[in-house]
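In what follows, a single structure is set out as structure tokens and then discussed.
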Amino acid sequence: DIVPVLTIDGPSGSGKGTISRLVAHRLGWHYLDSGALYRAVGVAAGWAGIDLDDDGALVRCTFDTQVDFTEAGDGELRVIVNGTDATDELRTETAGAAASAIAAIPQVRAALRDRQRAFRQPPGLVTDGRDMGTVIFPDARYKVFLTASAEERAERRHKQLKSKGVSVTMDGLLREILARDARDAGRTVAPLRPADDAVHIDTTGLGIDAVVERVLALVAPRA
Ligand code: C5P
């Protein structure tokens with residue numbers, strides 16, 4: 001029997017990371033944060049001093065970058081890039097912007113395709129990203145497309161950064177989010193768009209628990 005997959009796609013700040021992790025935990029399924037793979041390549045390229053315009057070097061860097069996910073003692077997911085714990089560096093806006101630039105290169109996406117599909121292991125997989133339901137797992141049994149207003153997404157990001165002691169302006173964040181949305185939706189390969197068979201959930205004004213329950217309700221009757 002084929003391993004069930006639940007894909008959760010959406011723009012940055014839609015809450016897909018938090019929701020996916022919680023849903024995976026509740027179902028007892030594996031979890032893949034596909035954005036972390038793109039961010040890892042971005043960070044590794046930075047370490048190697050590779051220019052973000054040098055497509056050839058970025059493609060080689062993709063093949064050379066080893067990414068491992070491990071669970072720390074506190075249950076938090078750590079991302080190890082070429083043997084170094086890069087979890088915190090991966091979360092920075094710099095890493096996100098580098099990931100978004102790299103993610104527009106078709107050979108980079110192709111190089112990461114099978115690495116993502118390898119996460120489909122029993123009893124099931126929850127995965128979040130931009131093209132999980134459209135390109136990587138088009139045959140997924142459950143597909144969700146999460147959205148939220150740009151203002152709310154900027155606000156969530158602001159809170160998150162503030163709690164880490166990083167000070168940024170709401171204006172700057174909103175501009176960055178809109179720029180990344182435009183780049184992710186406007187690229188020619190695997191642009192951010194909902195799969196035809198995805199269930200849309202607008203999380204504006206919804207709490208985390210409410211969204212988790214809605215997603216679980218899609219899976220419950222058939223799991
Ligand atoms: O989801 P996250 O913000 O970590 O993703 C970082 C960047 O990686 C996105 O802006 C997007 O350009 C790229 N990405 C992608 N396809 C995915 C996941 C992420 O192109 N499946």
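Residue numbers start at 1 in each chain; chains themselves are named A, B, ... in the order of the structure tokens; ligands are numbered from 1 in the order shown.
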Give me, as a Markdown table, the closest atom pair and its distance (Å, one decimal) for every residue of chain A within a cut-off of 7 Å of ligand 1, counting only C-alpha atoms and all ligand atoms, rows sorted by chain and rising number.
| residue | atom | partner | partner_atom_place_in_ligand_line | distance |
| --- | --- | --- | --- | --- |
| A:Ser12 | CA | ligand 1 | 3 (O) | 4.9 |
| A:Ser34 | CA | ligand 1 | 18 (C) | 4.8 |
| A:Gly35 | CA | ligand 1 | 19 (C) | 3.6 |
| A:Ala36 | CA | ligand 1 | 4 (O) | 5.3 |
| A:Tyr38 | CA | ligand 1 | 8 (O) | 5.0 |
| A:Arg39 | CA | ligand 1 | 6 (C) | 5.9 |
| A:Gly96 | CA | ligand 1 | 6 (C) | 4.8 |
| A:Ala97 | CA | ligand 1 | 10 (O) | 6.6 |
| A:Ala99 | CA | ligand 1 | 8 (O) | 4.6 |
| A:Ser100 | CA | ligand 1 | 12 (O) | 3.2 |
| A:Ala101 | CA | ligand 1 | 12 (O) | 6.6 |
| A:Ala103 | CA | ligand 1 | 20 (O) | 4.6 |
| A:Ala104 | CA | ligand 1 | 20 (O) | 6.9 |
| A:Asp128 | CA | ligand 1 | 21 (N) | 6.8 |
| A:Gly129 | CA | ligand 1 | 21 (N) | 3.7 |
| A:Arg130 | CA | ligand 1 | 21 (N) | 4.1 |
| A:Asp131 | CA | ligand 1 | 21 (N) | 4.9 |
| A:Met132 | CA | ligand 1 | 21 (N) | 5.8 |
| A:Arg180 | CA | ligand 1 | 10 (O) | 5.9 |
| A:Asp184 | CA | ligand 1 | 12 (O) | 5.2 |
What would the file look like if the residues just selected were written as a tab-separated table (two decimals), in the first residue's frame with C-alpha atoms?
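selection_26.tsv, written as the output of this step:
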chain	number	residue	atom	x	y	z
A	12	SER	CA	6.14	32.54	4.07
A	34	SER	CA	11.42	21.36	2.50
A	35	GLY	CA	12.26	25.05	2.91
A	36	ALA	CA	15.07	24.02	5.26
A	38	TYR	CA	16.74	25.34	0.22
A	39	ARG	CA	17.88	27.40	3.20
A	96	GLY	CA	15.48	32.96	3.54
A	97	ALA	CA	16.39	35.43	0.83
A	99	ALA	CA	17.02	30.20	-0.39
A	100	SER	CA	14.45	32.07	-2.46
A	101	ALA	CA	17.12	33.13	-5.01
A	103	ALA	CA	15.14	28.02	-5.44
A	104	ALA	CA	14.56	29.72	-8.80
A	128	ASP	CA	5.48	21.80	4.02
A	129	GLY	CA	6.80	24.09	1.31
A	130	ARG	CA	5.77	25.79	-1.90
A	131	ASP	CA	5.43	22.92	-4.42
A	132	MET	CA	4.88	19.85	-2.26
A	180	ARG	CA	9.59	37.10	-1.37
A	184	ASP	CA	8.18	32.73	-5.25
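Selecting strand (DSSP E or B) from the backbone DSSP output for segment 37-176 of chain A yields Val67, Asp68, Phe69, Thr70, Glu71, Leu77, Arg78, Val79, Ile80, Val81, Thr84, Asp85, Leu125, Val126, Thr127, Asp128, Gly129, Tyr142, Lys143, Val144, Phe145, Leu146 and Thr147 of chain A.
Between Leu125 of chain A and the residues A:Gly10, A:Gly28, A:Pro106, A:Gly56, the shortest atom-to-atom distance, using only C-alpha atoms, involves A:Gly28.
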Counting only C-alpha atoms, the residue among A:Ala154, A:Ala24, A:Val212, A:Val108 that lies closest to Asp64 of chain A is A:Val108
Distance table requested - segment 93-154 of chain A against segment 192-207 of chain A, cut-off 6 Å, only C-alpha atoms: one row per qualifying residue with the closest atom pair and its distance in Å to one decimal, ordered by chain and rising residue number, as JSON lines.
{"residue": "A:Arg130", "atom": "CA", "partner": "A:Leu192", "partner_atom": "CA", "distance": 5.2}
{"residue": "A:Gly133", "atom": "CA", "partner": "A:Ala195", "partner_atom": "CA", "distance": 5.8}
{"residue": "A:Thr134", "atom": "CA", "partner": "A:Ala195", "partner_atom": "CA", "distance": 5.2}
{"residue": "A:Lys143", "atom": "CA", "partner": "A:Ala198", "partner_atom": "CA", "distance": 4.6}
{"residue": "A:Val144", "atom": "CA", "partner": "A:Val199", "partner_atom": "CA", "distance": 4.7}
{"residue": "A:Phe145", "atom": "CA", "partner": "A:His200", "partner_atom": "CA", "distance": 4.7}
{"residue": "A:Leu146", "atom": "CA", "partner": "A:Ile201", "partner_atom": "CA", "distance": 5.0}
{"residue": "A:Thr147", "atom": "CA", "partner": "A:Asp202", "partner_atom": "CA", "distance": 4.8}
{"residue": "A:Ala148", "atom": "CA", "partner": "A:Thr204", "partner_atom": "CA", "distance": 4.7}
Let's have the selection written as an mmCIF file, in the first residue's frame, with N, CA and C atoms.
data_model
loop_
_atom_site.group_PDB
_atom_site.id
_atom_site.type_symbol
_atom_site.label_atom_id
_atom_site.label_comp_id
_atom_site.auth_asym_id
_atom_site.auth_seq_id
_atom_site.Cartn_x
_atom_site.Cartn_y
_atom_site.Cartn_z
ATOM 1 N N ARG A 130 6.460 24.980 -0.893
ATOM 2 C CA ARG A 130 5.775 25.785 -1.905
ATOM 3 C C ARG A 130 5.178 24.918 -3.001
ATOM 4 N N GLY A 133 2.558 19.865 -2.984
ATOM 5 C CA GLY A 133 1.350 19.268 -3.563
ATOM 6 C C GLY A 133 1.304 19.328 -5.083
ATOM 7 N N THR A 134 2.096 20.228 -5.689
ATOM 8 C CA THR A 134 2.042 20.390 -7.143
ATOM 9 C C THR A 134 3.129 19.601 -7.871
ATOM 10 N N LYS A 143 -4.017 17.411 0.615
ATOM 11 C CA LYS A 143 -3.282 18.627 0.255
ATOM 12 C C LYS A 143 -3.955 19.852 0.854
ATOM 13 N N VAL A 144 -3.137 20.679 1.502
ATOM 14 C CA VAL A 144 -3.658 21.899 2.114
ATOM 15 C C VAL A 144 -2.891 23.086 1.547
ATOM 16 N N PHE A 145 -3.583 24.196 1.315
ATOM 17 C CA PHE A 145 -2.916 25.444 0.951
ATOM 18 C C PHE A 145 -3.271 26.474 2.006
ATOM 19 N N LEU A 146 -2.263 26.891 2.774
ATOM 20 C CA LEU A 146 -2.474 27.841 3.875
ATOM 21 C C LEU A 146 -2.177 29.264 3.421
ATOM 22 N N THR A 147 -3.040 30.175 3.773
ATOM 23 C CA THR A 147 -2.768 31.582 3.488
ATOM 24 C C THR A 147 -3.042 32.400 4.749
ATOM 25 N N ALA A 148 -2.629 33.654 4.713
ATOM 26 C CA ALA A 148 -2.960 34.638 5.751
ATOM 27 C C ALA A 148 -2.632 35.977 5.109
#
Using only C-alpha atoms, which of the listed residues (A:Tyr142, A:Thr94, A:Leu216, A:Ala210) sits closest to Leu52 of chain A? A:Thr94
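Remark: for Pro11 of chain A, the closest of the candidate residues A:Ala185, A:Ala45, A:Leu90, A:Val81 is A:Ala185 (distances computed over only C-alpha atoms).
Between atom CA of Lys162 of chain A and atom CA of Gly13 of chain A the interatomic distance comes to 14.9 Å.
Taking atom CA of Val43 of chain A as the reference point, atom CA of Gly15 of chain A is found at 22.4 Å.
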Run DSSP on the backbone and tell me which residues of segment 35-221 of chain A come out as helix (DSSP H, G or I); list them as a PyMOL selection string. chain A and resi 35-47+55-64+87-90+93-102+106-117+132-136+150-163+170-186+208-219
File of the preceding selection, C-alpha atoms, as an mmCIF file, in the first residue's frame:
data_model
loop_
_atom_site.group_PDB
_atom_site.id
_atom_site.type_symbol
_atom_site.label_atom_id
_atom_site.label_comp_id
_atom_site.auth_asym_id
_atom_site.auth_seq_id
_atom_site.Cartn_x
_atom_site.Cartn_y
_atom_site.Cartn_z
ATOM 1 C CA GLY A 35 12.259 25.054 2.911
ATOM 2 C CA ALA A 36 15.067 24.018 5.263
ATOM 3 C CA LEU A 37 16.728 22.183 2.355
ATOM 4 C CA TYR A 38 16.742 25.340 0.222
ATOM 5 C CA ARG A 39 17.877 27.405 3.196
ATOM 6 C CA ALA A 40 20.658 24.881 3.921
ATOM 7 C CA VAL A 41 22.002 25.207 0.387
ATOM 8 C CA GLY A 42 21.807 28.996 0.727
ATOM 9 C CA VAL A 43 23.763 28.928 3.977
ATOM 10 C CA ALA A 44 26.324 26.441 2.624
ATOM 11 C CA ALA A 45 26.806 28.653 -0.438
ATOM 12 C CA GLY A 46 27.409 31.606 1.870
ATOM 13 C CA TRP A 47 30.005 29.638 3.858
ATOM 14 C CA ASP A 55 24.183 29.352 -11.031
ATOM 15 C CA GLY A 56 26.773 26.710 -11.923
ATOM 16 C CA ALA A 57 28.505 26.939 -8.560
ATOM 17 C CA LEU A 58 25.139 26.926 -6.757
ATOM 18 C CA VAL A 59 24.079 23.738 -8.544
ATOM 19 C CA ARG A 60 27.391 22.056 -7.602
ATOM 20 C CA CYS A 61 26.927 23.315 -4.044
ATOM 21 C CA THR A 62 23.460 21.694 -3.943
ATOM 22 C CA PHE A 63 24.932 18.284 -4.776
ATOM 23 C CA ASP A 64 27.769 18.783 -2.242
ATOM 24 C CA THR A 87 19.407 25.645 12.901
ATOM 25 C CA ASP A 88 19.599 29.258 14.076
ATOM 26 C CA GLU A 89 21.396 30.564 10.997
ATOM 27 C CA LEU A 90 18.780 28.872 8.794
ATOM 28 C CA GLU A 93 16.052 36.601 6.770
ATOM 29 C CA THR A 94 19.417 36.387 4.954
ATOM 30 C CA ALA A 95 19.106 32.606 4.698
ATOM 31 C CA GLY A 96 15.484 32.960 3.537
ATOM 32 C CA ALA A 97 16.390 35.434 0.828
ATOM 33 C CA ALA A 98 19.321 33.262 -0.341
ATOM 34 C CA ALA A 99 17.020 30.205 -0.390
ATOM 35 C CA SER A 100 14.454 32.066 -2.462
ATOM 36 C CA ALA A 101 17.116 33.125 -5.011
ATOM 37 C CA ILE A 102 18.577 29.616 -5.240
ATOM 38 C CA PRO A 106 15.686 24.562 -12.163
ATOM 39 C CA GLN A 107 18.747 22.272 -11.707
ATOM 40 C CA VAL A 108 18.766 23.031 -7.976
ATOM 41 C CA ARG A 109 15.103 22.022 -7.686
ATOM 42 C CA ALA A 110 15.757 18.870 -9.723
ATOM 43 C CA ALA A 111 18.723 17.964 -7.516
ATOM 44 C CA LEU A 112 16.563 18.220 -4.388
ATOM 45 C CA ARG A 113 13.550 16.361 -5.799
ATOM 46 C CA ASP A 114 14.561 12.794 -4.939
ATOM 47 C CA ARG A 115 15.990 13.859 -1.587
ATOM 48 C CA GLN A 116 12.537 15.171 -0.684
ATOM 49 C CA ARG A 117 10.704 12.085 -1.991
ATOM 50 C CA MET A 132 4.883 19.853 -2.261
ATOM 51 C CA GLY A 133 1.350 19.268 -3.563
ATOM 52 C CA THR A 134 2.042 20.390 -7.143
ATOM 53 C CA VAL A 135 5.484 19.009 -8.065
ATOM 54 C CA ILE A 136 7.096 16.809 -5.404
ATOM 55 C CA ALA A 150 0.473 39.858 4.392
ATOM 56 C CA GLU A 151 -0.055 42.146 7.399
ATOM 57 C CA GLU A 152 -0.776 39.237 9.711
ATOM 58 C CA ARG A 153 2.207 37.292 8.375
ATOM 59 C CA ALA A 154 4.494 40.287 8.985
ATOM 60 C CA GLU A 155 3.077 40.625 12.479
ATOM 61 C CA ARG A 156 3.703 36.947 13.318
ATOM 62 C CA ARG A 157 7.259 37.210 12.040
ATOM 63 C CA HIS A 158 7.731 40.410 14.064
ATOM 64 C CA LYS A 159 6.610 38.688 17.264
ATOM 65 C CA GLN A 160 8.850 35.707 16.545
ATOM 66 C CA LEU A 161 11.909 37.905 15.987
ATOM 67 C CA LYS A 162 11.164 40.115 18.960
ATOM 68 C CA SER A 163 11.012 37.081 21.241
ATOM 69 C CA MET A 170 7.021 46.153 10.674
ATOM 70 C CA ASP A 171 7.409 48.190 7.481
ATOM 71 C CA GLY A 172 10.654 46.477 6.569
ATOM 72 C CA LEU A 173 9.216 43.039 7.323
ATOM 73 C CA LEU A 174 6.102 43.665 5.263
ATOM 74 C CA ARG A 175 8.251 44.796 2.331
ATOM 75 C CA GLU A 176 10.465 41.682 2.610
ATOM 76 C CA ILE A 177 7.454 39.366 2.779
ATOM 77 C CA LEU A 178 5.810 40.948 -0.264
ATOM 78 C CA ALA A 179 9.100 40.792 -2.215
ATOM 79 C CA ARG A 180 9.591 37.098 -1.369
ATOM 80 C CA ASP A 181 5.939 36.297 -2.242
ATOM 81 C CA ALA A 182 6.366 37.983 -5.620
ATOM 82 C CA ARG A 183 9.594 36.117 -6.337
ATOM 83 C CA ASP A 184 8.184 32.726 -5.251
ATOM 84 C CA ALA A 185 4.937 33.168 -7.192
ATOM 85 C CA GLY A 186 6.550 34.781 -10.232
ATOM 86 C CA ILE A 208 -2.734 27.617 15.955
ATOM 87 C CA ASP A 209 -4.953 25.004 17.626
ATOM 88 C CA ALA A 210 -7.925 25.859 15.428
ATOM 89 C CA VAL A 211 -5.851 25.410 12.277
ATOM 90 C CA VAL A 212 -4.350 22.140 13.521
ATOM 91 C CA GLU A 213 -7.840 20.760 14.207
ATOM 92 C CA ARG A 214 -9.066 21.761 10.748
ATOM 93 C CA VAL A 215 -6.149 20.022 9.075
ATOM 94 C CA LEU A 216 -6.521 16.897 11.236
ATOM 95 C CA ALA A 217 -10.213 16.771 10.351
ATOM 96 C CA LEU A 218 -9.253 16.270 6.707
ATOM 97 C CA VAL A 219 -7.157 13.238 7.551
#
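Counting only C-alpha atoms, the residue from A:Thr188, A:Thr127, A:Ser149, A:Gln66 that sits nearest to Trp29 of chain A is A:Thr127.
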For Ile80 of chain A, list every protein, DNA or RNA residue within 6 Å, evaluated using only C-alpha atoms, and leave out those in the same chain fewer than 3 positions away; present the list as a VMD selection string. chain A and resid 67 to 68 83 to 86
